[in-house]
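The next block is entry38.cif, given as mmCIF, C-alpha atoms and all ligand atoms; chains and numbers go by the auth columns.
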data_work
#
loop_
_atom_site.group_PDB
_atom_site.id
_atom_site.type_symbol
_atom_site.label_atom_id
_atom_site.label_comp_id
_atom_site.label_asym_id
_atom_site.label_seq_id
_atom_site.Cartn_x
_atom_site.Cartn_y
_atom_site.Cartn_z
_atom_site.B_iso_or_equiv
_atom_site.auth_seq_id
_atom_site.auth_asym_id
ATOM 1 C CA MET A 1 116.074 -99.342 119.888 0.00 1 C
ATOM 2 C CA ILE A 2 114.268 -101.079 117.038 0.00 2 C
ATOM 3 C CA SER A 3 115.782 -104.226 115.655 0.00 3 C
ATOM 4 C CA LEU A 4 114.645 -106.042 112.506 0.00 4 C
ATOM 5 C CA GLN A 5 115.699 -109.636 112.098 0.00 5 C
ATOM 6 C CA ASN A 6 115.270 -111.277 108.685 0.00 6 C
ATOM 7 C CA VAL A 7 112.054 -109.372 108.023 0.00 7 C
ATOM 8 C CA SER A 8 110.209 -110.375 104.861 0.00 8 C
ATOM 9 C CA HIS A 9 106.745 -109.408 103.689 0.00 9 C
ATOM 10 C CA ASP A 10 104.619 -109.989 100.629 0.00 10 C
ATOM 11 C CA TYR A 11 101.209 -108.840 99.462 0.00 11 C
ATOM 12 C CA ASP A 12 99.420 -111.819 97.889 0.00 12 C
ATOM 13 C CA GLY A 13 102.715 -113.435 96.935 0.00 13 C
ATOM 14 C CA PHE A 14 104.317 -110.211 95.666 0.00 14 C
ATOM 15 C CA ASP A 15 107.519 -109.757 97.721 0.00 15 C
ATOM 16 C CA VAL A 16 107.968 -106.240 99.092 0.00 16 C
ATOM 17 C CA LEU A 17 110.469 -106.822 101.921 0.00 17 C
ATOM 18 C CA ARG A 18 113.171 -109.450 101.585 0.00 18 C
ATOM 19 C CA GLU A 19 115.226 -110.555 104.551 0.00 19 C
ATOM 20 C CA VAL A 20 115.789 -107.098 106.028 0.00 20 C
ATOM 21 C CA SER A 21 117.986 -107.085 109.143 0.00 21 C
ATOM 22 C CA LEU A 22 118.826 -103.772 110.820 0.00 22 C
ATOM 23 C CA ASP A 23 119.568 -102.339 114.257 0.00 23 C
ATOM 24 C CA LEU A 24 118.196 -98.815 114.357 0.00 24 C
ATOM 25 C CA HIS A 25 119.836 -96.944 117.218 0.00 25 C
ATOM 26 C CA GLU A 26 121.002 -93.583 115.826 0.00 26 C
ATOM 27 C CA HIS A 27 119.065 -90.481 116.845 0.00 27 C
ATOM 28 C CA ARG A 28 117.913 -89.595 113.323 0.00 28 C
ATOM 29 C CA ILE A 29 117.681 -92.176 110.577 0.00 29 C
ATOM 30 C CA ALA A 30 116.337 -91.721 107.048 0.00 30 C
ATOM 31 C CA PHE A 31 115.115 -94.352 104.621 0.00 31 C
ATOM 32 C CA ILE A 32 115.259 -93.370 100.964 0.00 32 C
ATOM 33 C CA GLY A 33 114.488 -95.219 97.739 0.00 33 C
ATOM 34 C CA ALA A 34 112.233 -95.275 94.704 0.00 34 C
ATOM 35 C CA ASN A 35 108.460 -95.639 94.824 0.00 35 C
ATOM 36 C CA GLY A 36 107.595 -99.213 95.621 0.00 36 C
ATOM 37 C CA SER A 37 110.985 -100.021 97.170 0.00 37 C
ATOM 38 C CA GLY A 38 109.250 -101.016 100.415 0.00 38 C
ATOM 39 C CA LYS A 39 109.815 -97.975 102.663 0.00 39 C
ATOM 40 C CA SER A 40 106.218 -97.559 103.709 0.00 40 C
ATOM 41 C CA THR A 41 105.725 -101.261 104.356 0.00 41 C
ATOM 42 C CA LEU A 42 108.887 -101.278 106.448 0.00 42 C
ATOM 43 C CA ALA A 43 107.742 -98.146 108.331 0.00 43 C
ATOM 44 C CA ARG A 44 104.506 -99.871 109.290 0.00 44 C
ATOM 45 C CA THR A 45 106.359 -102.859 110.706 0.00 45 C
ATOM 46 C CA LEU A 46 108.277 -100.587 113.116 0.00 46 C
ATOM 47 C CA ASN A 47 105.340 -99.861 115.409 0.00 47 C
ATOM 48 C CA GLY A 48 103.397 -103.043 114.803 0.00 48 C
ATOM 49 C CA LEU A 49 100.836 -101.483 112.437 0.00 49 C
ATOM 50 C CA LEU A 50 101.908 -104.347 110.198 0.00 50 C
ATOM 51 C CA VAL A 51 103.261 -107.666 111.382 0.00 51 C
ATOM 52 C CA PRO A 52 105.611 -109.022 108.710 0.00 52 C
ATOM 53 C CA ARG A 53 104.960 -112.412 107.171 0.00 53 C
ATOM 54 C CA ARG A 54 108.389 -113.661 108.289 0.00 54 C
ATOM 55 C CA GLY A 55 111.081 -112.437 110.660 0.00 55 C
ATOM 56 C CA THR A 56 110.949 -110.433 113.865 0.00 56 C
ATOM 57 C CA VAL A 57 110.732 -106.757 114.797 0.00 57 C
ATOM 58 C CA LEU A 58 111.838 -105.915 118.332 0.00 58 C
ATOM 59 C CA VAL A 59 111.178 -102.549 119.995 0.00 59 C
ATOM 60 C CA ASP A 60 113.370 -102.286 123.075 0.00 60 C
ATOM 61 C CA GLY A 61 113.350 -106.069 123.076 0.00 61 C
ATOM 62 C CA LEU A 62 109.550 -106.348 122.744 0.00 62 C
ATOM 63 C CA ASP A 63 108.362 -108.443 119.816 0.00 63 C
ATOM 64 C CA THR A 64 105.753 -106.430 117.853 0.00 64 C
ATOM 65 C CA ARG A 65 103.915 -109.682 117.154 0.00 65 C
ATOM 66 C CA ARG A 66 102.978 -110.115 120.795 0.00 66 C
ATOM 67 C CA ASN A 67 103.204 -106.679 122.449 0.00 67 C
ATOM 68 C CA ALA A 68 101.094 -104.397 120.281 0.00 68 C
ATOM 69 C CA VAL A 69 99.933 -102.080 123.074 0.00 69 C
ATOM 70 C CA GLN A 70 103.355 -101.519 124.652 0.00 70 C
ATOM 71 C CA VAL A 71 104.951 -101.068 121.249 0.00 71 C
ATOM 72 C CA ARG A 72 102.383 -98.449 120.125 0.00 72 C
ATOM 73 C CA ARG A 73 103.002 -96.566 123.350 0.00 73 C
ATOM 74 C CA ARG A 74 106.714 -96.336 122.594 0.00 74 C
ATOM 75 C CA VAL A 75 106.583 -95.762 118.867 0.00 75 C
ATOM 76 C CA GLY A 76 104.508 -92.914 117.395 0.00 76 C
ATOM 77 C CA PHE A 77 103.599 -92.946 113.721 0.00 77 C
ATOM 78 C CA MET A 78 102.917 -90.116 111.280 0.00 78 C
ATOM 79 C CA PHE A 79 101.368 -90.736 107.884 0.00 79 C
ATOM 80 C CA SER A 80 102.139 -88.627 104.815 0.00 80 C
ATOM 81 C CA ASP A 81 98.526 -87.501 104.619 0.00 81 C
ATOM 82 C CA ALA A 82 97.517 -85.937 107.932 0.00 82 C
ATOM 83 C CA ASN A 83 93.859 -86.416 106.975 0.00 83 C
ATOM 84 C CA HIS A 84 94.325 -90.094 107.768 0.00 84 C
ATOM 85 C CA GLN A 85 95.312 -89.187 111.291 0.00 85 C
ATOM 86 C CA ILE A 86 92.918 -86.447 112.301 0.00 86 C
ATOM 87 C CA ILE A 87 89.988 -88.059 114.059 0.00 87 C
ATOM 88 C CA MET A 88 88.252 -85.538 116.277 0.00 88 C
ATOM 89 C CA PRO A 89 86.247 -82.486 115.134 0.00 89 C
ATOM 90 C CA SER A 90 88.290 -79.767 116.840 0.00 90 C
ATOM 91 C CA VAL A 91 92.039 -79.177 117.072 0.00 91 C
ATOM 92 C CA ALA A 92 92.121 -79.390 120.885 0.00 92 C
ATOM 93 C CA GLU A 93 89.939 -82.518 120.967 0.00 93 C
ATOM 94 C CA ASP A 94 92.210 -84.231 118.472 0.00 94 C
ATOM 95 C CA VAL A 95 95.277 -83.646 120.642 0.00 95 C
ATOM 96 C CA ALA A 96 93.332 -84.583 123.804 0.00 96 C
ATOM 97 C CA LEU A 97 92.501 -87.952 122.263 0.00 97 C
ATOM 98 C CA GLY A 98 96.125 -88.961 122.827 0.00 98 C
ATOM 99 C CA LEU A 99 95.623 -88.591 126.589 0.00 99 C
ATOM 100 C CA ARG A 100 92.617 -90.900 126.678 0.00 100 C
ATOM 101 C CA GLY A 101 92.989 -93.585 129.304 0.00 101 C
ATOM 102 C CA GLN A 102 95.618 -91.662 131.290 0.00 102 C
ATOM 103 C CA LYS A 103 94.871 -91.079 134.953 0.00 103 C
ATOM 104 C CA LEU A 104 94.670 -87.295 134.772 0.00 104 C
ATOM 105 C CA SER A 105 91.963 -84.829 135.783 0.00 105 C
ATOM 106 C CA LYS A 106 90.102 -82.838 133.112 0.00 106 C
ATOM 107 C CA LEU A 107 92.047 -79.755 134.141 0.00 107 C
ATOM 108 C CA GLU A 108 95.405 -81.521 133.928 0.00 108 C
ATOM 109 C CA LYS A 109 94.534 -82.830 130.471 0.00 109 C
ATOM 110 C CA ALA A 110 93.447 -79.355 129.327 0.00 110 C
ATOM 111 C CA ASP A 111 96.759 -77.904 130.582 0.00 111 C
ATOM 112 C CA ILE A 112 98.815 -80.506 128.741 0.00 112 C
ATOM 113 C CA VAL A 113 96.813 -80.017 125.534 0.00 113 C
ATOM 114 C CA ALA A 114 97.233 -76.218 125.725 0.00 114 C
ATOM 115 C CA GLU A 115 100.974 -76.592 126.334 0.00 115 C
ATOM 116 C CA VAL A 116 101.404 -78.921 123.356 0.00 116 C
ATOM 117 C CA LEU A 117 99.268 -76.726 121.074 0.00 117 C
ATOM 118 C CA ASP A 118 101.346 -73.720 122.107 0.00 118 C
ATOM 119 C CA ARG A 119 104.601 -75.553 121.406 0.00 119 C
ATOM 120 C CA TYR A 120 103.490 -76.392 117.872 0.00 120 C
ATOM 121 C CA GLY A 121 101.979 -72.994 117.047 0.00 121 C
ATOM 122 C CA LEU A 122 98.368 -74.180 117.181 0.00 122 C
ATOM 123 C CA LEU A 123 97.069 -72.621 120.398 0.00 123 C
ATOM 124 C CA ALA A 124 95.085 -69.876 118.649 0.00 124 C
ATOM 125 C CA LEU A 125 93.380 -72.601 116.595 0.00 125 C
ATOM 126 C CA SER A 126 92.328 -74.757 119.580 0.00 126 C
ATOM 127 C CA ASN A 127 88.617 -74.577 118.851 0.00 127 C
ATOM 128 C CA HIS A 128 88.881 -74.622 115.079 0.00 128 C
ATOM 129 C CA SER A 129 87.611 -77.479 112.996 0.00 129 C
ATOM 130 C CA ALA A 130 90.603 -79.776 112.493 0.00 130 C
ATOM 131 C CA HIS A 131 89.523 -80.721 108.985 0.00 131 C
ATOM 132 C CA LEU A 132 89.428 -77.091 107.856 0.00 132 C
ATOM 133 C CA LEU A 133 93.085 -76.389 108.695 0.00 133 C
ATOM 134 C CA SER A 134 95.649 -75.809 105.943 0.00 134 C
ATOM 135 C CA GLY A 135 97.875 -78.696 104.879 0.00 135 C
ATOM 136 C CA GLY A 136 100.807 -77.397 106.938 0.00 136 C
ATOM 137 C CA GLN A 137 98.640 -76.837 110.007 0.00 137 C
ATOM 138 C CA LYS A 138 97.144 -80.312 109.681 0.00 138 C
ATOM 139 C CA GLN A 139 100.602 -81.845 109.584 0.00 139 C
ATOM 140 C CA MET A 140 101.594 -79.920 112.729 0.00 140 C
ATOM 141 C CA LEU A 141 98.377 -81.076 114.399 0.00 141 C
ATOM 142 C CA ALA A 142 99.153 -84.671 113.450 0.00 142 C
ATOM 143 C CA LEU A 143 102.625 -84.214 114.952 0.00 143 C
ATOM 144 C CA ALA A 144 101.190 -82.644 118.138 0.00 144 C
ATOM 145 C CA SER A 145 98.646 -85.458 118.482 0.00 145 C
ATOM 146 C CA VAL A 146 101.389 -88.068 118.251 0.00 146 C
ATOM 147 C CA LEU A 147 103.835 -86.283 120.542 0.00 147 C
ATOM 148 C CA VAL A 148 101.282 -85.659 123.292 0.00 148 C
ATOM 149 C CA THR A 149 101.431 -89.412 123.894 0.00 149 C
ATOM 150 C CA GLN A 150 105.179 -89.013 124.640 0.00 150 C
ATOM 151 C CA PRO A 151 106.559 -91.785 122.438 0.00 151 C
ATOM 152 C CA ASP A 152 110.301 -92.586 122.607 0.00 152 C
ATOM 153 C CA ILE A 153 110.492 -93.040 118.865 0.00 153 C
ATOM 154 C CA LEU A 154 108.728 -91.211 116.046 0.00 154 C
ATOM 155 C CA ILE A 155 108.221 -92.823 112.635 0.00 155 C
ATOM 156 C CA CYS A 156 107.404 -90.346 109.843 0.00 156 C
ATOM 157 C CA ASP A 157 106.293 -91.874 106.557 0.00 157 C
ATOM 158 C CA GLU A 158 106.782 -89.267 103.810 0.00 158 C
ATOM 159 C CA PRO A 159 105.642 -86.425 106.106 0.00 159 C
ATOM 160 C CA THR A 160 106.602 -83.630 103.710 0.00 160 C
ATOM 161 C CA THR A 161 105.113 -84.974 100.467 0.00 161 C
ATOM 162 C CA LEU A 162 101.962 -82.862 100.628 0.00 162 C
ATOM 163 C CA LEU A 163 103.540 -79.725 102.082 0.00 163 C
ATOM 164 C CA ASP A 164 104.737 -76.581 100.313 0.00 164 C
ATOM 165 C CA LEU A 165 108.360 -75.517 100.711 0.00 165 C
ATOM 166 C CA HIS A 166 107.720 -73.171 103.625 0.00 166 C
ATOM 167 C CA ASN A 167 105.802 -75.804 105.590 0.00 167 C
ATOM 168 C CA VAL A 168 108.444 -78.416 104.799 0.00 168 C
ATOM 169 C CA GLN A 169 110.932 -76.087 106.486 0.00 169 C
ATOM 170 C CA ILE A 170 108.710 -75.517 109.539 0.00 170 C
ATOM 171 C CA PHE A 171 108.055 -79.218 109.879 0.00 171 C
ATOM 172 C CA LEU A 172 111.722 -80.166 109.557 0.00 172 C
ATOM 173 C CA ASP A 173 112.839 -77.522 112.048 0.00 173 C
ATOM 174 C CA THR A 174 110.312 -78.856 114.540 0.00 174 C
ATOM 175 C CA VAL A 175 111.409 -82.446 114.052 0.00 175 C
ATOM 176 C CA ARG A 176 115.085 -81.412 114.277 0.00 176 C
ATOM 177 C CA ASN A 177 114.533 -80.143 117.811 0.00 177 C
ATOM 178 C CA LEU A 178 112.837 -83.259 119.138 0.00 178 C
ATOM 179 C CA SER A 179 114.556 -85.352 121.768 0.00 179 C
ATOM 180 C CA GLN A 180 112.837 -88.477 120.421 0.00 180 C
ATOM 181 C CA GLN A 181 114.542 -90.833 118.012 0.00 181 C
ATOM 182 C CA VAL A 182 113.205 -90.007 114.523 0.00 182 C
ATOM 183 C CA ILE A 183 112.945 -92.500 111.686 0.00 183 C
ATOM 184 C CA LEU A 184 111.956 -90.793 108.461 0.00 184 C
ATOM 185 C CA MET A 185 110.903 -92.289 105.128 0.00 185 C
ATOM 186 C CA THR A 186 111.306 -89.736 102.361 0.00 186 C
ATOM 187 C CA HIS A 187 111.703 -88.921 98.680 0.00 187 C
ATOM 188 C CA HIS A 188 113.206 -85.546 99.500 0.00 188 C
ATOM 189 C CA LEU A 189 116.935 -86.201 99.479 0.00 189 C
ATOM 190 C CA GLU A 190 117.851 -82.632 100.375 0.00 190 C
ATOM 191 C CA ILE A 191 116.180 -82.842 103.796 0.00 191 C
ATOM 192 C CA ILE A 192 118.291 -85.676 105.183 0.00 192 C
ATOM 193 C CA GLU A 193 121.721 -84.005 104.924 0.00 193 C
ATOM 194 C CA ASP A 194 122.150 -83.720 108.674 0.00 194 C
ATOM 195 C CA TYR A 195 120.750 -87.154 109.536 0.00 195 C
ATOM 196 C CA ASP A 196 123.001 -89.572 111.398 0.00 196 C
ATOM 197 C CA ARG A 197 122.360 -92.453 109.046 0.00 197 C
ATOM 198 C CA ALA A 198 120.607 -93.097 105.738 0.00 198 C
ATOM 199 C CA ILE A 199 119.424 -96.424 104.398 0.00 199 C
ATOM 200 C CA LEU A 200 118.709 -96.861 100.704 0.00 200 C
ATOM 201 C CA MET A 201 116.003 -99.423 99.944 0.00 201 C
ATOM 202 C CA ASP A 202 115.729 -101.120 96.578 0.00 202 C
ATOM 203 C CA ARG A 203 113.177 -103.772 95.659 0.00 203 C
ATOM 204 C CA GLY A 204 112.557 -104.647 99.288 0.00 204 C
ATOM 205 C CA GLN A 205 116.195 -104.922 100.307 0.00 205 C
ATOM 206 C CA VAL A 206 118.778 -102.695 101.937 0.00 206 C
ATOM 207 C CA HIS A 207 120.909 -101.526 99.009 0.00 207 C
ATOM 208 C CA PHE A 208 123.122 -99.109 100.960 0.00 208 C
ATOM 209 C CA ASP A 209 123.500 -98.159 104.624 0.00 209 C
ATOM 210 C CA GLY A 210 125.753 -95.296 105.703 0.00 210 C
ATOM 211 C CA SER A 211 126.023 -91.513 105.705 0.00 211 C
ATOM 212 C CA PRO A 212 123.300 -89.454 103.969 0.00 212 C
ATOM 213 C CA GLN A 213 125.827 -88.119 101.450 0.00 213 C
ATOM 214 C CA ASP A 214 127.004 -91.602 100.482 0.00 214 C
ATOM 215 C CA ALA A 215 123.439 -92.941 100.416 0.00 215 C
ATOM 216 C CA VAL A 216 122.328 -90.198 98.031 0.00 216 C
ATOM 217 C CA ALA A 217 125.347 -90.899 95.794 0.00 217 C
ATOM 218 C CA ALA A 218 124.485 -94.623 95.853 0.00 218 C
ATOM 219 C CA TYR A 219 120.883 -93.764 94.953 0.00 219 C
ATOM 220 C CA ARG A 220 122.016 -91.671 91.978 0.00 220 C
ATOM 221 C CA ARG A 221 124.230 -94.553 90.757 0.00 221 C
ATOM 222 C CA LEU A 222 121.355 -96.983 91.174 0.00 222 C
ATOM 223 C CA ILE A 223 119.005 -94.761 89.162 0.00 223 C
ATOM 224 C CA GLY A 224 121.710 -94.463 86.467 0.00 224 C
ATOM 225 C CA ASN A 225 122.124 -98.245 86.296 0.00 225 C
ATOM 226 C CA ARG A 226 118.369 -98.819 86.116 0.00 226 C
ATOM 227 C CA GLU A 227 118.135 -96.298 83.290 0.00 227 C
ATOM 228 C CA LYS A 228 120.889 -98.156 81.401 0.00 228 C
ATOM 229 C CA GLU A 229 119.001 -101.434 81.900 0.00 229 C
ATOM 230 C CA ARG A 230 115.805 -99.817 80.661 0.00 230 C
ATOM 231 C CA THR A 231 117.211 -98.176 77.553 0.00 231 C
ATOM 232 C CA GLY A 232 119.900 -100.784 76.826 0.00 232 C
ATOM 233 C CA ARG A 233 122.502 -97.993 76.491 0.00 233 C
HETATM 234 P P1 LIG B . 107.378 -97.238 99.074 0.00 301 C
HETATM 235 O O1 LIG B . 106.929 -96.665 100.362 0.00 301 C
HETATM 236 O O2 LIG B . 108.874 -97.358 98.972 0.00 301 C
HETATM 237 O O3 LIG B . 106.785 -96.553 97.872 0.00 301 C
HETATM 238 P P2 LIG B . 105.581 -99.448 99.630 0.00 301 C
HETATM 239 O O4 LIG B . 105.983 -100.203 100.825 0.00 301 C
HETATM 240 O O5 LIG B . 104.449 -98.482 99.733 0.00 301 C
HETATM 241 O O6 LIG B . 106.882 -98.757 98.999 0.00 301 C
HETATM 242 O O7 LIG B . 105.169 -100.459 98.473 0.00 301 C
HETATM 243 C C1 LIG B . 105.956 -101.571 98.103 0.00 301 C
HETATM 244 C C2 LIG B . 105.159 -102.393 97.107 0.00 301 C
HETATM 245 O O8 LIG B . 104.071 -102.997 97.773 0.00 301 C
HETATM 246 C C3 LIG B . 104.561 -101.574 95.951 0.00 301 C
HETATM 247 O O9 LIG B . 104.672 -102.342 94.785 0.00 301 C
HETATM 248 C C4 LIG B . 103.124 -101.394 96.366 0.00 301 C
HETATM 249 O O10 LIG B . 102.280 -101.290 95.247 0.00 301 C
HETATM 250 C C5 LIG B . 102.840 -102.664 97.136 0.00 301 C
HETATM 251 N N1 LIG B . 101.849 -102.477 98.213 0.00 301 C
HETATM 252 C C6 LIG B . 101.936 -101.594 99.221 0.00 301 C
HETATM 253 N N2 LIG B . 100.869 -101.704 100.057 0.00 301 C
HETATM 254 C C7 LIG B . 100.089 -102.673 99.547 0.00 301 C
HETATM 255 C C8 LIG B . 98.853 -103.283 99.959 0.00 301 C
HETATM 256 N N3 LIG B . 98.207 -102.889 101.060 0.00 301 C
HETATM 257 N N4 LIG B . 98.350 -104.277 99.186 0.00 301 C
HETATM 258 C C9 LIG B . 98.995 -104.688 98.071 0.00 301 C
HETATM 259 N N5 LIG B . 100.167 -104.174 97.646 0.00 301 C
HETATM 260 C C10 LIG B . 100.705 -103.183 98.351 0.00 301 C
#
With the file now loaded, output its structure as structure tokens.
Ligand code: ADP
Amino acid sequence: MISLQNVSHDYDGFDVLREVSLDLHEHRIAFIGANGSGKSTLARTLNGLLVPRRGTVLVDGLDTRRNAVQVRRRVGFMFSDANHQIIMPSVAEDVALGLRGQKLSKLEKADIVAEVLDRYGLLALSNHSAHLLSGGQKQMLALASVLVTQPDILICDEPTTLLDLHNVQIFLDTVRNLSQQVILMTHHLEIIEDYDRAILMDRGQVHFDGSPQDAVAAYRRLIGNREKERTGR
């Protein structure tokens, strides 16, 4: 489980997270909220990519401030743009990178890579150039490369933003069948209907925390109120 205790962060004095405290234990949790509400910053605190200015993030009791390696092993992270995540020239090499440092023979590694590529529909593309894949294929490769490391928790920061509708569906179906805990940051309200919990962020704070349906309703009210403030009507 990930636990945030009074987490605050600013960029050069500009507050983006303000005293956020949450215990994240449900199987599938979504964070929603307007651009700039702090979702991405919060996402990056969950696997220690970012250590917040104040407060504590615990992953299974491990403080991300002091246990970066163990935390990264438990918590996988997917960016919205898979290009940021693809490192190696070929599809198979990119997935194999996740097994680096593990005490496995070359053959064992090749078997695991082939199994993972098969599971995510990429086996026929093993030797293809990773950077020449389509957007949907790149996102599946990014997912495969994270999951080959067998994290307990998967953080997905806007993973469907760059995908067309068909690939959104494929991606969501794949994520739906994972045994891992999934924590998703998204703008797409329609994709979180069957999530166990949804948290609405606003100006760096938790504005609502509950069912996806209630969170979406709270978001619509919030947008309505902001529009009234803006127009004075
Ligand atoms: P969201 O994911 O909800 O759009 P972010 O966490 O990306 O929110 O951004 C929150 C605020 O922090 C925004 O105003 C954004 O411009 C700012 N911000 C994000 N990353 C940085 C950074 N590396 N340096 C400076 N400001 C940043």
Test item: residues no farther than 7 Å from ligand LIG 301 (chain C), counting all atoms listed in the file, as a CSV table (one decimal) with C-alpha atoms, keeping the file's coordinate frame:
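Here's the written file selection.csv:
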chain,number,residue,atom,x,y,z
C,11,TYR,CA,101.2,-108.8,99.5
C,16,VAL,CA,108.0,-106.2,99.1
C,33,GLY,CA,114.5,-95.2,97.7
C,34,ALA,CA,112.2,-95.3,94.7
C,35,ASN,CA,108.5,-95.6,94.8
C,36,GLY,CA,107.6,-99.2,95.6
C,37,SER,CA,111.0,-100.0,97.2
C,38,GLY,CA,109.2,-101.0,100.4
C,39,LYS,CA,109.8,-98.0,102.7
C,40,SER,CA,106.2,-97.6,103.7
C,41,THR,CA,105.7,-101.3,104.4
C,42,LEU,CA,108.9,-101.3,106.4
Residue contacts of stretch 214-218 of chain C (12 Å, only C-alpha atoms) excluding same-chain residues fewer than 6 positions away, as a PyMOL selection string | chain C and resi 29-34+186-193+195-202+206-208+224-225
Between atom CA of C:Ile2 and atom CA of C:Val75, measure the distance and give it in Å to one decimal.
->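 Between atom CA of C:Ile2 and atom CA of C:Val75 the gap is 9.5 Å.
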Residues at most 10 Å from C:Ser126, counting all atoms listed in the file, excluding those fewer than 6 positions away in the same chain, as number ranges by chain?
-> C: 90-95, 113-114, 117-118
Ground truth for the PyMOL selection byres (((chain C and resi 86) around 8) and not hetatm), written as a count of residues only | 12
To one decimal in Å, tell me the separation between atom CA of C:Val168 and atom CA of C:Met140.
->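 Distance between the two atoms: 10.6 Å.
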One-decimal distance in Å that lies between atom CA of C:Val71 and atom CA of C:Arg100 =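 For atom CA of C:Arg100 relative to atom CA of C:Val71, the distance reads 16.9 Å.
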Can you list, as a VMD selection string, the residues that the PyMOL selection byres (((chain C and resi 181) around 10) and not hetatm) selects here?
-> chain C and resid 1 24 to 29 75 151 to 155 175 178 to 180 182 to 184
Could you complete stretch 106-124 of chain C so that it carries N, CA and C atoms, and give it back as an mmCIF file, keeping the file's coordinate frame?
data_model
loop_
_atom_site.group_PDB
_atom_site.id
_atom_site.type_symbol
_atom_site.label_atom_id
_atom_site.label_comp_id
_atom_site.auth_asym_id
_atom_site.auth_seq_id
_atom_site.Cartn_x
_atom_site.Cartn_y
_atom_site.Cartn_z
ATOM 1 N N LYS C 106 90.460 -83.618 134.305
ATOM 2 C CA LYS C 106 90.102 -82.838 133.112
ATOM 3 C C LYS C 106 90.996 -81.619 132.967
ATOM 4 N N LEU C 107 91.240 -80.977 134.138
ATOM 5 C CA LEU C 107 92.047 -79.755 134.141
ATOM 6 C C LEU C 107 93.492 -80.052 133.736
ATOM 7 N N GLU C 108 94.025 -81.145 134.283
ATOM 8 C CA GLU C 108 95.405 -81.521 133.928
ATOM 9 C C GLU C 108 95.517 -81.809 132.429
ATOM 10 N N LYS C 109 94.520 -82.527 131.906
ATOM 11 C CA LYS C 109 94.534 -82.830 130.471
ATOM 12 C C LYS C 109 94.473 -81.533 129.652
ATOM 13 N N ALA C 110 93.594 -80.617 130.066
ATOM 14 C CA ALA C 110 93.447 -79.355 129.327
ATOM 15 C C ALA C 110 94.764 -78.581 129.344
ATOM 16 N N ASP C 111 95.473 -78.612 130.473
ATOM 17 C CA ASP C 111 96.759 -77.904 130.582
ATOM 18 C C ASP C 111 97.787 -78.506 129.635
ATOM 19 N N ILE C 112 97.839 -79.827 129.605
ATOM 20 C CA ILE C 112 98.815 -80.506 128.741
ATOM 21 C C ILE C 112 98.501 -80.203 127.275
ATOM 22 N N VAL C 113 97.216 -80.279 126.922
ATOM 23 C CA VAL C 113 96.813 -80.017 125.534
ATOM 24 C C VAL C 113 97.207 -78.587 125.148
ATOM 25 N N ALA C 114 96.915 -77.622 126.033
ATOM 26 C CA ALA C 114 97.233 -76.218 125.725
ATOM 27 C C ALA C 114 98.750 -76.043 125.563
ATOM 28 N N GLU C 115 99.509 -76.715 126.407
ATOM 29 C CA GLU C 115 100.974 -76.592 126.334
ATOM 30 C C GLU C 115 101.500 -77.144 125.009
ATOM 31 N N VAL C 116 100.963 -78.286 124.616
ATOM 32 C CA VAL C 116 101.404 -78.921 123.356
ATOM 33 C C VAL C 116 100.978 -78.063 122.154
ATOM 34 N N LEU C 117 99.740 -77.564 122.188
ATOM 35 C CA LEU C 117 99.268 -76.726 121.074
ATOM 36 C C LEU C 117 100.125 -75.468 120.960
ATOM 37 N N ASP C 118 100.503 -74.919 122.100
ATOM 38 C CA ASP C 118 101.346 -73.720 122.107
ATOM 39 C C ASP C 118 102.706 -74.036 121.489
ATOM 40 N N ARG C 119 103.265 -75.162 121.890
ATOM 41 C CA ARG C 119 104.601 -75.553 121.406
ATOM 42 C C ARG C 119 104.618 -75.697 119.884
ATOM 43 N N TYR C 120 103.507 -76.164 119.316
ATOM 44 C CA TYR C 120 103.490 -76.392 117.872
ATOM 45 C C TYR C 120 102.714 -75.306 117.103
ATOM 46 N N GLY C 121 102.556 -74.152 117.747
ATOM 47 C CA GLY C 121 101.979 -72.994 117.047
ATOM 48 C C GLY C 121 100.503 -73.121 116.725
ATOM 49 N N LEU C 122 99.775 -73.925 117.512
ATOM 50 C CA LEU C 122 98.368 -74.180 117.181
ATOM 51 C C LEU C 122 97.394 -73.657 118.249
ATOM 52 N N LEU C 123 97.926 -72.985 119.258
ATOM 53 C CA LEU C 123 97.069 -72.621 120.398
ATOM 54 C C LEU C 123 95.885 -71.745 119.965
ATOM 55 N N ALA C 124 96.159 -70.785 119.084
ATOM 56 C CA ALA C 124 95.085 -69.876 118.649
ATOM 57 C C ALA C 124 94.004 -70.620 117.861
#
